[in-house]
>>> print(open('run38.cif').read())   # mmCIF, C-alpha atoms
data_data
#
loop_
_atom_site.label_atom_id
_atom_site.label_comp_id
_atom_site.auth_asym_id
_atom_site.auth_seq_id
_atom_site.Cartn_x
_atom_site.Cartn_y
_atom_site.Cartn_z
CA MET A 1 6.46 -21.69 6.60
CA LYS A 2 3.49 -23.91 7.38
CA GLY A 3 0.15 -22.33 6.56
CA GLN A 4 1.77 -19.27 5.05
CA VAL A 5 1.41 -18.08 1.51
CA ILE A 6 4.89 -17.54 0.14
CA GLN A 7 5.50 -14.05 -1.20
CA VAL A 8 8.07 -13.40 -3.91
CA ASN A 9 9.51 -10.53 -1.89
CA ASP A 10 10.16 -12.87 1.05
CA ILE A 11 12.65 -14.87 -0.97
CA TRP A 12 14.09 -12.15 -3.11
CA ASN A 13 16.36 -9.23 -2.24
CA ASP A 14 19.02 -7.06 -3.87
CA ASP A 15 21.94 -9.16 -2.56
CA LYS A 16 20.47 -12.31 -4.01
CA GLN A 17 19.74 -10.56 -7.26
CA ASP A 18 23.40 -9.48 -7.54
CA GLU A 19 24.62 -12.98 -6.74
CA LEU A 20 22.31 -14.50 -9.32
CA LYS A 21 23.49 -11.98 -11.87
CA GLN A 22 27.08 -13.08 -11.25
CA PHE A 23 26.04 -16.75 -11.48
CA ILE A 24 24.29 -16.24 -14.82
CA LEU A 25 27.07 -14.05 -16.22
CA LEU A 26 29.67 -16.65 -15.20
CA HIS A 27 27.74 -19.44 -16.94
CA SER A 28 26.86 -17.21 -19.86
CA GLU A 29 30.57 -16.47 -20.41
CA LYS A 30 31.18 -20.19 -20.80
CA GLN A 31 28.65 -20.41 -23.61
CA SER A 32 30.05 -20.56 -27.11
CA LYS A 33 29.53 -17.67 -29.50
CA GLU A 34 27.33 -19.97 -31.54
CA ARG A 35 25.14 -20.81 -28.53
CA LYS A 36 24.70 -17.15 -27.67
CA LEU A 37 23.67 -16.48 -31.25
CA THR A 38 21.22 -19.39 -31.08
CA ASN A 39 19.63 -17.78 -27.99
CA GLN A 40 19.06 -14.59 -29.95
CA LEU A 41 17.74 -16.40 -33.01
CA LEU A 42 15.35 -18.52 -30.96
CA SER A 43 14.03 -15.37 -29.32
CA ILE A 44 13.11 -13.91 -32.71
CA GLN A 45 11.67 -17.21 -33.91
CA TYR A 46 9.37 -17.43 -30.86
CA LYS A 47 8.30 -13.82 -31.39
CA ILE A 48 7.30 -14.65 -34.98
CA GLU A 49 5.42 -17.76 -33.84
CA ASP A 50 3.50 -15.73 -31.25
CA TYR A 51 2.74 -12.95 -33.71
CA ILE A 52 1.26 -15.41 -36.22
CA ARG A 53 -0.66 -17.31 -33.55
CA ASN A 54 -2.07 -14.50 -31.42
CA ASP A 55 -5.45 -13.15 -32.27
CA ASN A 56 -5.45 -10.02 -30.16
CA GLU A 57 -7.25 -7.15 -31.86
CA ASN A 58 -5.23 -4.54 -29.97
CA GLU A 59 -1.92 -6.04 -30.99
CA GLU A 60 0.57 -3.84 -32.80
CA ILE A 61 0.86 -4.66 -36.51
CA LEU A 62 4.33 -5.89 -37.37
CA LYS A 63 5.55 -6.10 -40.94
CA VAL A 64 7.92 -8.67 -42.38
CA LEU A 65 10.44 -5.83 -42.24
CA ASP A 66 10.12 -5.58 -38.46
CA PHE A 67 11.15 -9.21 -38.01
CA VAL A 68 13.87 -9.00 -40.67
CA LYS A 69 15.28 -5.99 -38.82
CA MET A 70 15.57 -8.13 -35.68
CA TYR A 71 17.70 -10.63 -37.61
CA LEU A 72 19.78 -7.86 -39.17
CA LYS A 73 20.49 -6.37 -35.74
CA THR A 74 21.40 -9.78 -34.29
CA LEU A 75 23.64 -10.67 -37.22
CA ASP A 76 24.99 -7.13 -37.43
CA ILE A 77 24.35 -6.48 -41.12
CA THR A 78 22.44 -3.79 -42.98
CA GLN A 79 19.35 -4.21 -45.13
CA LYS A 80 21.43 -3.14 -48.12
CA LYS A 81 23.91 -5.90 -47.38
CA LEU A 82 21.04 -8.39 -47.12
CA ALA A 83 19.76 -7.25 -50.51
CA ASP A 84 23.24 -7.90 -51.94
CA LEU A 85 23.35 -11.34 -50.32
CA PHE A 86 19.89 -12.10 -51.69
CA GLU A 87 21.01 -10.93 -55.15
CA MET A 88 18.31 -8.26 -55.20
CA LYS A 89 18.14 -4.51 -55.48
CA ASP A 90 17.81 -2.82 -52.09
CA SER A 91 14.72 -0.86 -53.18
CA ASN A 92 13.10 -4.00 -54.55
CA LEU A 93 13.71 -5.99 -51.35
CA HIS A 94 12.34 -3.10 -49.30
CA LYS A 95 9.04 -3.15 -51.21
CA TYR A 96 8.57 -6.82 -50.33
CA LEU A 97 9.54 -6.33 -46.70
CA VAL A 98 7.13 -3.44 -46.09
CA GLY A 99 4.27 -5.25 -47.83
CA GLU A 100 4.08 -3.11 -50.95
CA ARG A 101 4.67 -6.30 -52.91
CA LYS A 102 3.54 -9.76 -51.94
CA LEU A 103 6.26 -12.17 -50.88
CA ASN A 104 7.03 -14.70 -53.60
CA PRO A 105 8.23 -18.28 -53.02
CA LYS A 106 11.83 -17.47 -53.93
CA LEU A 107 12.12 -14.64 -51.41
CA VAL A 108 10.29 -16.67 -48.77
CA LEU A 109 12.81 -19.47 -49.18
CA LYS A 110 15.70 -17.02 -49.01
CA LEU A 111 14.33 -15.55 -45.76
CA SER A 112 13.66 -19.02 -44.42
CA HIS A 113 17.19 -20.30 -45.11
CA PHE A 114 18.75 -17.07 -43.92
CA SER A 115 16.94 -17.12 -40.57
CA HIS A 116 16.71 -20.93 -40.05
CA THR A 117 12.93 -20.66 -39.79
CA LYS A 118 10.11 -22.45 -41.58
CA PRO A 119 9.02 -20.79 -44.86
CA GLU A 120 5.45 -20.90 -43.54
CA TYR A 121 6.36 -18.34 -40.88
CA TRP A 122 7.06 -15.62 -43.44
CA ILE A 123 3.89 -16.38 -45.39
CA GLY A 124 2.11 -16.47 -42.01
CA ILE A 125 3.16 -12.91 -41.16
CA GLN A 126 1.89 -11.72 -44.55
CA VAL A 127 -1.42 -13.58 -44.23
CA LYS A 128 -1.95 -12.36 -40.66
CA ASN A 129 -1.46 -8.75 -41.74
CA GLU A 130 -3.83 -9.22 -44.68
CA LEU A 131 -6.46 -10.64 -42.32
CA ILE A 132 -6.06 -7.63 -40.01
CA GLU A 133 -6.63 -5.35 -43.02
CA LEU A 134 -9.63 -7.44 -44.05
CA LYS A 135 -11.16 -7.25 -40.57
CA LYS A 136 -10.66 -3.50 -40.52
CA GLU A 137 -12.24 -3.07 -43.94
CA ASN A 138 -15.04 -5.50 -43.11
CA LYS A 139 -16.32 -3.04 -40.50
CA ASN A 140 -17.38 -0.98 -43.49
CA THR A 141 -19.77 -3.76 -44.65
CA GLY A 142 -22.47 -1.31 -45.72
CA TYR A 143 -20.34 0.03 -48.55
CA TYR A 144 -19.86 -3.42 -50.04
CA GLU A 145 -23.52 -4.43 -50.04
CA LYS A 146 -23.90 -2.82 -53.46
CA TYR A 147 -21.57 -5.51 -54.79
CA ASP A 148 -24.04 -8.29 -53.94
CA TYR A 149 -24.80 -9.94 -57.30
CA ARG A 150 -28.50 -9.41 -56.62
CA ASN A 151 -27.88 -5.65 -56.59
CA LEU A 152 -25.69 -5.72 -59.66
CA ILE A 153 -27.37 -8.03 -62.10
CA SER A 154 -30.84 -9.41 -62.71
CA VAL A 155 -31.03 -13.17 -62.49
CA MET B 1 -0.48 -21.70 -27.16
CA LYS B 2 -1.74 -25.12 -28.24
CA ILE B 3 -0.09 -28.06 -26.51
CA LYS B 4 -0.80 -31.67 -25.59
CA ILE B 5 -0.91 -33.25 -22.13
CA LEU B 6 -1.24 -36.90 -21.18
CA ASN B 7 -4.49 -38.31 -19.88
CA VAL B 8 -3.06 -40.82 -17.39
CA ASN B 9 -6.15 -43.03 -17.25
CA ASP B 10 -6.42 -43.62 -20.99
CA ASN B 11 -2.72 -43.07 -21.67
CA ILE B 12 -3.54 -40.77 -24.57
CA PHE B 13 -2.48 -37.23 -25.32
CA VAL B 14 -5.27 -34.66 -25.33
CA ASP B 15 -5.42 -31.17 -26.81
CA ALA B 16 -4.75 -28.42 -24.31
CA GLU B 17 -3.86 -24.76 -24.31
CA ILE B 18 -1.82 -22.30 -22.27
CA ILE B 19 -3.74 -19.04 -22.00
CA ASP B 20 -2.70 -15.55 -20.98
CA THR B 21 -5.23 -14.50 -18.35
CA ALA B 22 -4.76 -10.82 -19.27
CA GLN B 23 -6.55 -11.52 -22.55
CA ASN B 24 -9.20 -13.91 -21.22
CA LYS B 25 -11.63 -13.64 -18.34
CA ILE B 26 -10.68 -16.54 -16.09
CA VAL B 27 -11.46 -17.17 -12.43
CA LEU B 28 -8.08 -18.06 -10.97
CA PRO B 29 -7.57 -20.66 -8.25
CA SER B 30 -6.61 -19.87 -4.67
CA ILE B 31 -5.87 -21.65 -1.39
CA THR B 32 -9.60 -21.99 -0.72
CA GLU B 33 -9.81 -24.45 -3.63
CA ALA B 34 -7.01 -26.56 -2.16
CA TRP B 35 -4.29 -24.95 -4.25
CA ARG B 36 -1.07 -24.06 -2.45
CA PHE B 37 -0.71 -20.59 -3.94
CA ASN B 38 -3.26 -17.83 -4.11
CA PHE B 39 -3.12 -17.14 -7.84
CA LYS B 40 -6.23 -15.00 -7.61
CA LYS B 41 -4.37 -12.58 -5.35
CA HIS B 42 -0.85 -12.81 -6.80
CA SER B 43 -2.03 -12.28 -10.37
CA LYS B 44 -2.99 -8.72 -9.41
CA THR B 45 0.61 -7.84 -8.53
CA LYS B 46 2.14 -5.28 -10.88
CA GLY B 47 4.45 -6.86 -13.43
CA PHE B 48 3.14 -10.40 -12.93
CA LYS B 49 1.94 -12.24 -16.02
CA THR B 50 -0.42 -15.10 -15.24
CA PHE B 51 -1.07 -18.09 -17.49
CA VAL B 52 -3.35 -21.09 -17.06
CA LEU B 53 -3.25 -24.49 -18.70
CA ILE B 54 -6.64 -25.89 -19.70
CA CYS B 55 -7.84 -28.87 -21.73
CA GLU B 56 -9.82 -27.94 -24.81
CA GLU B 57 -12.65 -30.31 -23.84
CA THR B 58 -12.92 -29.02 -20.29
CA SER B 59 -11.98 -25.36 -20.65
CA ASN B 60 -13.63 -24.42 -17.36
CA ILE B 61 -11.17 -26.55 -15.35
CA ILE B 62 -7.68 -25.21 -14.68
CA GLU B 63 -5.04 -27.96 -14.88
CA GLY B 64 -2.08 -25.80 -13.93
CA CYS B 65 -1.13 -22.20 -13.34
CA LEU B 66 2.00 -20.11 -13.86
CA ILE B 67 3.08 -16.60 -12.90
CA PHE B 68 6.03 -15.13 -14.76
CA LYS B 69 7.73 -11.82 -14.15
CA MET B 70 10.61 -9.82 -15.50
CA LYS B 71 12.93 -8.46 -12.83
CA ASP B 72 14.21 -4.99 -13.71
CA LYS B 73 12.80 -5.63 -17.20
CA ILE B 74 15.74 -7.87 -18.14
CA GLU B 75 15.77 -10.97 -15.88
CA PRO B 76 13.13 -13.66 -16.44
CA TYR B 77 11.75 -15.16 -13.22
CA MET B 78 9.17 -17.88 -12.66
CA ALA B 79 7.44 -16.52 -9.56
CA PHE B 80 4.78 -19.22 -9.06
CA ILE B 81 3.99 -22.53 -10.68
CA GLU B 82 1.53 -25.16 -9.54
CA VAL B 83 -0.40 -28.04 -11.02
CA ALA B 84 -4.03 -28.45 -9.99
CA PRO B 85 -4.65 -30.59 -6.88
CA HIS B 86 -6.28 -33.29 -9.07
CA ASN B 87 -3.05 -33.56 -11.09
CA LYS B 88 -0.72 -33.93 -8.11
CA SER B 89 -1.14 -37.34 -6.57
CA GLU B 90 -0.47 -40.81 -7.94
CA ASN B 91 -4.10 -40.82 -9.08
CA ARG B 92 -3.59 -37.65 -11.06
CA LYS B 93 -5.75 -37.04 -14.10
CA TYR B 94 -3.16 -35.48 -16.39
CA ASP B 95 0.60 -35.76 -16.72
CA LYS B 96 3.09 -33.31 -18.29
CA VAL B 97 1.22 -30.27 -16.96
CA ALA B 98 4.25 -29.01 -15.00
CA GLY B 99 6.60 -29.78 -17.90
CA CYS B 100 4.47 -27.79 -20.32
CA LEU B 101 4.24 -24.80 -17.99
CA ILE B 102 7.98 -24.80 -17.21
CA ALA B 103 8.80 -25.12 -20.92
CA PHE B 104 6.40 -22.25 -21.59
CA ALA B 105 8.20 -20.12 -18.97
CA CYS B 106 11.53 -21.00 -20.63
CA ARG B 107 10.09 -19.84 -23.94
CA LEU B 108 9.06 -16.55 -22.31
CA SER B 109 12.60 -16.18 -20.97
CA PHE B 110 13.93 -16.33 -24.54
CA ILE B 111 11.37 -13.80 -25.73
CA HIS B 112 11.64 -11.29 -22.88
CA GLY B 113 15.10 -11.85 -21.40
CA GLU B 114 17.63 -9.18 -22.33
CA GLY B 115 21.36 -9.42 -23.04
CA ASP B 116 23.10 -12.17 -21.08
CA TYR B 117 19.77 -13.13 -19.47
CA LYS B 118 18.17 -14.20 -22.75
CA GLY B 119 16.96 -17.78 -22.31
CA TRP B 120 17.87 -18.01 -18.61
CA LEU B 121 14.96 -18.78 -16.30
CA ALA B 122 15.37 -18.39 -12.54
CA PHE B 123 12.97 -19.63 -9.87
CA ASP B 124 12.91 -20.58 -6.20
CA VAL B 125 11.97 -23.91 -4.67
CA LEU B 126 10.44 -23.64 -1.21
CA GLU B 127 8.88 -26.50 0.68
CA GLU B 128 7.58 -26.85 4.21
CA TYR B 129 10.13 -29.56 4.99
CA LYS B 130 13.76 -29.31 3.89
CA GLU B 131 13.87 -32.94 2.69
CA ASN B 132 10.96 -32.29 0.32
CA GLU B 133 12.75 -29.20 -0.94
CA ILE B 134 15.90 -31.22 -1.69
CA LYS B 135 13.84 -33.91 -3.47
CA LEU B 136 12.04 -31.31 -5.54
CA MET B 137 15.26 -29.53 -6.47
CA SER B 138 16.74 -32.85 -7.52
CA LEU B 139 13.67 -33.48 -9.70
CA TYR B 140 13.95 -30.05 -11.31
CA SER B 141 17.59 -30.74 -11.94
CA LYS B 142 17.06 -34.16 -13.56
CA LYS B 143 13.77 -33.63 -15.34
CA TYR B 144 13.94 -29.96 -16.22
CA ASN B 145 17.70 -29.34 -16.65
CA ALA B 146 17.85 -26.81 -13.79
CA LEU B 147 21.09 -25.74 -12.08
CA LYS B 148 21.12 -25.09 -8.35
CA PHE B 149 22.16 -21.68 -7.14
CA GLY B 150 22.31 -20.66 -3.47
CA LYS B 151 19.95 -22.24 -0.96
CA THR B 152 16.64 -22.20 -2.76
CA THR B 153 17.20 -20.77 -6.23
CA MET B 154 17.48 -22.73 -9.45
CA VAL B 155 18.20 -21.58 -12.98
CA ILE B 156 17.35 -23.27 -16.26
CA PRO B 157 20.03 -22.34 -18.83
CA PRO B 158 19.16 -21.69 -22.50
CA GLU B 159 20.31 -25.14 -23.67
CA GLY B 160 18.08 -26.81 -21.09
CA GLY B 161 15.19 -24.48 -21.85
CA GLU B 162 15.41 -25.17 -25.57
CA LYS B 163 15.28 -28.92 -24.89
CA LEU B 164 12.16 -28.50 -22.72
CA ILE B 165 10.48 -26.34 -25.37
CA ASN B 166 11.15 -29.02 -27.99
CA GLU B 167 10.00 -31.79 -25.65
CA PHE B 168 6.82 -30.25 -24.26
CA LEU B 169 5.65 -27.55 -26.65
CA LYS B 170 6.26 -28.94 -30.12
#
>>> encode(input="run38.cif", output="structure tokens")
Amino acid sequence: MKGQVIQVNDIWNDDKQDELKQFILLHSEKQSKERKLTNQLLSIQYKIEDYIRNDNENEEILKVLDFVKMYLKTLDITQKKLADLFEMKDSNLHKYLVGERKLNPKLVLKLSHFSHTKPEYWIGIQVKNELIELKKENKNTGYYEKYDYRNLISV
Amino acid sequence: MKIKILNVNDNIFVDAEIIDTAQNKIVLPSITEAWRFNFKKHSKTKGFKTFVLICEETSNIIEGCLIFKMKDKIEPYMAFIEVAPHNKSENRKYDKVAGCLIAFACRLSFIHGEGDYKGWLAFDVLEEYKENEIKLMSLYSKKYNALKFGKTTMVIPPEGGEKLINEFLK
């Protein structure tokens, strides 16, 4: 191996892949139901963290609803059921989740406790999406120049 | 992702970042710069995601490098990981570079792993001399919660990965 650059393909083949699959499945079977659920929940949490943090202009816009749907799928409940659990009307909850209404502290805390995430994450998704909208609109700067106080009033 | 690594000389943590090279123009290291792996070349392989760890104050110096891939779109695999030559010896400049990169790969395995593979990170340990390989595998086992599988493969299970994420990335 001396002097050689190791290639992934040199150490990986179908047989090994099958054996590893068995190894992981065997260990995975030993994991408690709770642990398996934690794996899923952590996955969503890290996705939210990355969405809030990343500043990639080409990134797909994700609504609060998109992340809530991930939790609903993992926990195997419907959005209607969640609305019931949150003591809200389904249509009302939907308006908050798609961004038609701004999240309020009560709903943020419900989402936070439901998903075991920090309340800031949910506000963070909302703020990030507002900033994306702002950046988009800000490309149309020319239109807003007329709102400069010097163009509107005499001082 | 913002992280902190330890400046060994001053024994203080400094601000650092793990960057996705697909979104940033970065000249990657290779064997000509005394690195063991040719990241410049490997990063071009289809399906490989390359990340570098840099300090905020010296963003032109790469402290460590990682290549992550998804096998068959469901199995997370750490294809290459290396700390910069100046962080390897006893006189290394920074500590916790490897820990941060491994923890970062574990985090990726939670995000991208599918089904039973979610949170499981596999990788291979290959050294020129067998005794070094055994030592390194033992280190990965003790320090990074890895389980040995087969001759050269190791796997970090979700519990171990979560611990590393909390230890190195929080």
>>> closest_atom_pairs(input="run38.cif", of="chain B", to="chain A", cutoff="6 Å", atoms="only C-alpha atoms", output="Markdown table")
| residue | atom | partner | partner_atom | distance |
| --- | --- | --- | --- | --- |
| B:Phe110 | CA | A:Ser43 | CA | 4.9 |
| B:Ile111 | CA | A:Ser43 | CA | 4.7 |
| B:Glu128 | CA | A:Met1 | CA | 5.8 |
>>> residues_around(input="run38.cif", residues="A:Gln126", least_positions_apart="6", cutoff="9 Å", atoms="all atoms listed in the file", output="VMD selection string")
chain A and resid 63 to 64 99 102 to 103
>>> resolve_selection(input="run38.cif", expression="the PyMOL selection byres ((chain B and resi 3) around 7)", output="PDB file with C-alpha atoms, keeping the file's coordinate frame")
ATOM      1  CA  MET B   1      -0.480 -21.700 -27.160  1.00  0.00           C
ATOM      2  CA  LYS B   2      -1.740 -25.120 -28.240  1.00  0.00           C
ATOM      3  CA  LYS B   4      -0.800 -31.670 -25.590  1.00  0.00           C
ATOM      4  CA  ILE B   5      -0.910 -33.250 -22.130  1.00  0.00           C
ATOM      5  CA  ASP B  15      -5.420 -31.170 -26.810  1.00  0.00           C
ATOM      6  CA  ALA B  16      -4.750 -28.420 -24.310  1.00  0.00           C
ATOM      7  CA  GLU B  17      -3.860 -24.760 -24.310  1.00  0.00           C
ATOM      8  CA  LEU B 169       5.650 -27.550 -26.650  1.00  0.00           C
TER       9      LEU B 169
END
>>> atom_distance(input="run38.cif", atom1="atom CA of B:Ile156", atom2="atom CA of B:Leu53")
20.8 Å
>>> residues_around(input="run38.cif", residues="B:Tyr117", least_positions_apart="4", cutoff="7 Å", atoms="all atoms listed in the file", output="list in words")
Ile74, Glu75 and Gly113 of chain B
>>> closest_residue(input="run38.cif", among="B:Leu121, B:Met78, B:Val14, B:Ile134", to="B:Val97", atoms="all atoms listed in the file")
B:Val14
>>> resolve_selection(input="run38.cif", expression="the PyMOL selection byres ((chain B and resi 42) around 10)", output="short mmCIF file (atom, residue, chain, number, x, y, z; two decimals) with C-alpha atoms, keeping the file's coordinate frame")
data_model
loop_
_atom_site.label_atom_id
_atom_site.label_comp_id
_atom_site.auth_asym_id
_atom_site.auth_seq_id
_atom_site.Cartn_x
_atom_site.Cartn_y
_atom_site.Cartn_z
CA GLN A 7 5.50 -14.05 -1.20
CA VAL A 8 8.07 -13.40 -3.91
CA LEU B 28 -8.08 -18.06 -10.97
CA SER B 30 -6.61 -19.87 -4.67
CA PHE B 37 -0.71 -20.59 -3.94
CA ASN B 38 -3.26 -17.83 -4.11
CA PHE B 39 -3.12 -17.14 -7.84
CA LYS B 40 -6.23 -15.00 -7.61
CA LYS B 41 -4.37 -12.58 -5.35
CA SER B 43 -2.03 -12.28 -10.37
CA LYS B 44 -2.99 -8.72 -9.41
CA THR B 45 0.61 -7.84 -8.53
CA LYS B 46 2.14 -5.28 -10.88
CA PHE B 48 3.14 -10.40 -12.93
CA LYS B 49 1.94 -12.24 -16.02
CA THR B 50 -0.42 -15.10 -15.24
CA ILE B 67 3.08 -16.60 -12.90
CA ALA B 79 7.44 -16.52 -9.56
CA PHE B 80 4.78 -19.22 -9.06
#
>>> resolve_selection(input="run38.cif", expression="the PyMOL selection byres ((chain B and resi 136) around 12)", output="list in words")
Asp124, Val125, Leu126, Glu127, Glu128, Tyr129, Lys130, Glu131, Asn132, Glu133, Ile134, Lys135, Met137, Ser138, Leu139, Tyr140, Ser141, Lys142, Lys143, Tyr144, Ala146, Lys148, Thr152, Thr153 and Met154 of chain B
>>> write_last_selection(input="run38.cif", atoms="C-alpha atoms", output="mmCIF file, in the coordinates of the input")
data_model
loop_
_atom_site.group_PDB
_atom_site.id
_atom_site.type_symbol
_atom_site.label_atom_id
_atom_site.label_comp_id
_atom_site.auth_asym_id
_atom_site.auth_seq_id
_atom_site.Cartn_x
_atom_site.Cartn_y
_atom_site.Cartn_z
ATOM 1 C CA ASP B 124 12.910 -20.580 -6.200
ATOM 2 C CA VAL B 125 11.970 -23.910 -4.670
ATOM 3 C CA LEU B 126 10.440 -23.640 -1.210
ATOM 4 C CA GLU B 127 8.880 -26.500 0.680
ATOM 5 C CA GLU B 128 7.580 -26.850 4.210
ATOM 6 C CA TYR B 129 10.130 -29.560 4.990
ATOM 7 C CA LYS B 130 13.760 -29.310 3.890
ATOM 8 C CA GLU B 131 13.870 -32.940 2.690
ATOM 9 C CA ASN B 132 10.960 -32.290 0.320
ATOM 10 C CA GLU B 133 12.750 -29.200 -0.940
ATOM 11 C CA ILE B 134 15.900 -31.220 -1.690
ATOM 12 C CA LYS B 135 13.840 -33.910 -3.470
ATOM 13 C CA MET B 137 15.260 -29.530 -6.470
ATOM 14 C CA SER B 138 16.740 -32.850 -7.520
ATOM 15 C CA LEU B 139 13.670 -33.480 -9.700
ATOM 16 C CA TYR B 140 13.950 -30.050 -11.310
ATOM 17 C CA SER B 141 17.590 -30.740 -11.940
ATOM 18 C CA LYS B 142 17.060 -34.160 -13.560
ATOM 19 C CA LYS B 143 13.770 -33.630 -15.340
ATOM 20 C CA TYR B 144 13.940 -29.960 -16.220
ATOM 21 C CA ALA B 146 17.850 -26.810 -13.790
ATOM 22 C CA LYS B 148 21.120 -25.090 -8.350
ATOM 23 C CA THR B 152 16.640 -22.200 -2.760
ATOM 24 C CA THR B 153 17.200 -20.770 -6.230
ATOM 25 C CA MET B 154 17.480 -22.730 -9.450
#
>>> atom_distance(input="run38.cif", atom1="atom CA of B:Gly47", atom2="atom CA of B:Gln23")
15.0 Å
>>> residues_around(input="run38.cif", residues="A:Pro105", least_positions_apart="2", cutoff="12 Å", atoms="all atoms listed in the file", output="PDB file with C-alpha atoms, in the frame of the given file")
ATOM      1  CA  TYR A  96       8.570  -6.820 -50.330  1.00  0.00           C
ATOM      2  CA  LYS A 102       3.540  -9.760 -51.940  1.00  0.00           C
ATOM      3  CA  LEU A 103       6.260 -12.170 -50.880  1.00  0.00           C
ATOM      4  CA  LEU A 107      12.120 -14.640 -51.410  1.00  0.00           C
ATOM      5  CA  VAL A 108      10.290 -16.670 -48.770  1.00  0.00           C
ATOM      6  CA  LEU A 109      12.810 -19.470 -49.180  1.00  0.00           C
ATOM      7  CA  LYS A 110      15.700 -17.020 -49.010  1.00  0.00           C
ATOM      8  CA  LEU A 111      14.330 -15.550 -45.760  1.00  0.00           C
ATOM      9  CA  SER A 112      13.660 -19.020 -44.420  1.00  0.00           C
ATOM     10  CA  PRO A 119       9.020 -20.790 -44.860  1.00  0.00           C
ATOM     11  CA  GLU A 120       5.450 -20.900 -43.540  1.00  0.00           C
ATOM     12  CA  TRP A 122       7.060 -15.620 -43.440  1.00  0.00           C
ATOM     13  CA  ILE A 123       3.890 -16.380 -45.390  1.00  0.00           C
TER      14      ILE A 123
END
>>> atom_distance(input="run38.cif", atom1="atom CA of A:Leu93", atom2="atom CA of A:Glu59")
25.7 Å
>>> closest_residue(input="run38.cif", among="A:Glu60, A:Asp66, A:Gly142, A:Gln22", to="B:Phe149", atoms="all atoms listed in the file")
A:Gln22
>>> residues_around(input="run38.cif", residues="A:Leu65", least_positions_apart="4", cutoff="7 Å", atoms="only C-alpha atoms", output="VMD selection string")
chain A and resid 69 97 to 98
>>> axis_aligned_box(input="run38.cif", around="stretch 76-81 of chain A", padding_each_side="3 Å", output="JSON")
{"center_x": 22.2, "center_y": -5.1, "center_z": -42.8, "size_x": 11.6, "size_y": 10.0, "size_z": 16.7}
>>> closest_residue(input="run38.cif", among="A:Ile52, A:Glu145, A:Glu34, A:Asp15", to="A:Lys128", atoms="all atoms listed in the file")
A:Ile52
>>> residues_around(input="run38.cif", residues="B:Asn87", least_positions_apart="4", cutoff="9 Å", atoms="only C-alpha atoms", output="ChimeraX atom specification")
/B:63-64,83,91-95,97
>>> decode(input="run38.cif", residues="stretch 22-41 of chain A", atoms="C-alpha atoms", output="tab-separated table (two decimals), in the first residue's frame")
chain	number	residue	atom	x	y	z
A	22	GLN	CA	-26.50	-7.34	7.85
A	23	PHE	CA	-24.23	-5.93	10.58
A	24	ILE	CA	-26.15	-2.65	10.74
A	25	LEU	CA	-29.55	-4.34	10.56
A	26	LEU	CA	-28.55	-6.72	13.36
A	27	HIS	CA	-27.46	-3.83	15.59
A	28	SER	CA	-30.38	-1.69	14.51
A	29	GLU	CA	-32.80	-4.46	15.57
A	30	LYS	CA	-31.34	-4.29	19.06
A	31	GLN	CA	-32.14	-0.59	19.32
A	32	SER	CA	-35.19	0.32	21.35
A	33	LYS	CA	-38.24	1.78	19.64
A	34	GLU	CA	-37.51	5.00	21.48
A	35	ARG	CA	-33.93	5.13	20.16
A	36	LYS	CA	-35.09	4.56	16.59
A	37	LEU	CA	-37.58	7.38	17.00
A	38	THR	CA	-34.82	9.60	18.39
A	39	ASN	CA	-32.76	8.91	15.23
A	40	GLN	CA	-35.65	10.13	13.10
A	41	LEU	CA	-36.30	13.18	15.25
